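One structure below.
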Amino acid sequence: MAGAGDMGPGTAMPGATAPRTAPPEARARRASAPSPSASTLPDGDFGARLDAALSSRGLALERVCERLRTAGSAISPSTLSLWRHGRSRPRRNEAMRAVAELEVVLRVPRGYLLDALVRQAPARHWSADRIAEDPVQRARAEMGLDEGDTLQRLLIHHCLHIDRAHRLTRVGVRRVLRATRERVSRIGVTAHGASGTALRLVPRPGVRVGRQRAWPERGLLFTELLLDEPIVPGGLGILDYAVEPVDIGGPSLGDHGGYVFHTEFPVSSTVLEARFDPSVLPAEADCRVQSQAAPRSLAQWPVNVGPDGGATVVVHGLDAGSVRVSWSWGRR
């Protein structure tokens, strides 16, 4: 996300001028051209590989972008040209998805472009200092769960259940993921609660609980989830589970409540849905989005709570940062 205020849907780019139609003989030659194999394509960085793949297919950039748009990935010819000549490279989640589609459009072996891109990606998640100071990062390292570059997070949906005593009783989680370059059979997930709260993870069909690390004094739980059906490269996986406090405790006496979703990996769409008891609705609620890349930037807006107790926040293109939903229990 370029900035925390960049929350709306992306602005449509002006349509490019249509390329001149190639003669029938040239179209026929391109249609019959064999797909390049790994042995005929050069090694190198992402730009060099993309240039070789484009040259091998012989398609105009406008034509490639048209096919990408048909597949659901909107990339402009100018952006594709910058990638090709090494002046920039894909970074956001949507761009990474476009690279996976590029491999299909350009008929190159799966992983030819993505593998080079991953190797060039900065290893910002795994510095020794961060592993030493962050218990969750230590747990990830111990379990070998560095899946940051092997998964695209297309959707993360948290559904919060708040009872009439103002207590957060359960968080239902759904993750829609795509594997990029290798088979994924397990992932690590982190659950956050209030300090001093012990948490448990309840799996839904399709996933099982593997190893766990808990820090109840910090309200943290890290879980290795084992997938019954591994996600193959290019394939989608849907994971459902719930997080609950081990001891729900007595009524909450505070005037305010809230919930924070934090991510260090790009997420295409983040949904926080709150379900309050209709008999006890908050007086007001709001949402705040903080970008890790620009910590001083903050987007904030009020959230409507319906008479049925439902409130929903949707954030698109969160590269790294947090989404916070807060509410107060004053008179409505």
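Every chain in the structure tokens has a letter given in the order shown (A, B, ...), and although residue numbers restart at 1 in each chain, ligands are simply numbered from 1 in the order shown.
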
Backbone-only DSSP, strand (DSSP E) members of segment 165-252 of chain A, as a ChimeraX atom specification = /A:168-179,184-192,199-203,207-215,220-231,236-245

Excluding Pro42 of chain A and its own-chain neighbours fewer than 6 positions away, which residues fall within 12 Å of it when counting only C-alpha atoms? Please give them as a PyMOL selection string.
chain A and resi 36+48-53+55-56+108+112-113+116

Considering only C-alpha atoms, tabulate each residue of segment 139-232 of chain A that lies at most 12 Å from segment 276-286 of chain A along with its nearest interatomic pair and the corresponding distance in Å to one decimal; arrange the rows by chain and ascending residue number and present them as CSV.
residue,atom,partner,partner_atom,distance
A:Cys159,CA,A:Phe276,CA,10.7
A:Leu160,CA,A:Phe276,CA,8.2
A:His161,CA,A:Phe276,CA,6.3
A:Ile162,CA,A:Phe276,CA,4.9
A:Asp163,CA,A:Asp277,CA,5.3
A:Arg164,CA,A:Asp277,CA,5.4
A:Ala165,CA,A:Val280,CA,8.3
A:His166,CA,A:Val280,CA,8.2
A:Arg167,CA,A:Phe276,CA,9.6
A:Leu168,CA,A:Phe276,CA,9.2
A:Thr169,CA,A:Phe276,CA,10.6
A:Arg170,CA,A:Phe276,CA,11.5

For Leu177 of chain A, find every residue with an atom within 8 Å (counting only C-alpha atoms), except residues of its own chain fewer than 6 positions away, and show them as a list in words.
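My reading of the contact set: Leu151, Gln152, Arg153, Leu154, Leu155, Leu236, Gly237 and Ile238 of chain A.
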
Please, could you write that set of residues out with N, CA, C and O atoms as a tab-separated table (two decimals), in the first residue's frame?
chain	number	residue	atom	x	y	z
A	151	LEU	N	3.27	-17.78	-0.54
A	151	LEU	CA	1.82	-17.66	-0.49
A	151	LEU	C	1.39	-16.24	-0.84
A	151	LEU	O	2.03	-15.27	-0.45
A	152	GLN	N	0.30	-16.15	-1.56
A	152	GLN	CA	-0.39	-14.88	-1.76
A	152	GLN	C	-1.63	-14.90	-0.88
A	152	GLN	O	-2.42	-15.84	-0.94
A	153	ARG	N	-1.80	-13.85	-0.09
A	153	ARG	CA	-2.96	-13.75	0.79
A	153	ARG	C	-4.03	-12.94	0.08
A	153	ARG	O	-4.00	-11.71	0.10
A	154	LEU	N	-4.96	-13.62	-0.55
A	154	LEU	CA	-5.98	-12.94	-1.34
A	154	LEU	C	-7.07	-12.35	-0.46
A	154	LEU	O	-7.60	-11.28	-0.75
A	155	LEU	N	-7.44	-13.06	0.62
A	155	LEU	CA	-8.49	-12.57	1.53
A	155	LEU	C	-8.21	-13.09	2.92
A	155	LEU	O	-7.91	-14.27	3.11
A	236	LEU	N	-5.60	-22.55	-5.25
A	236	LEU	CA	-6.18	-21.82	-4.13
A	236	LEU	C	-6.45	-22.75	-2.96
A	236	LEU	O	-6.74	-23.94	-3.15
A	237	GLY	N	-6.36	-22.20	-1.76
A	237	GLY	CA	-6.70	-22.93	-0.56
A	237	GLY	C	-7.55	-22.04	0.34
A	237	GLY	O	-7.30	-20.84	0.45
A	238	ILE	N	-8.58	-22.62	0.98
A	238	ILE	CA	-9.44	-21.88	1.91
A	238	ILE	C	-9.31	-22.52	3.28
A	238	ILE	O	-9.58	-23.71	3.44

Among A:Leu117, A:Met96, A:Ala274, A:Ala74, Gly172 of chain A is approached most closely, using only C-alpha atoms, by A:Ala274
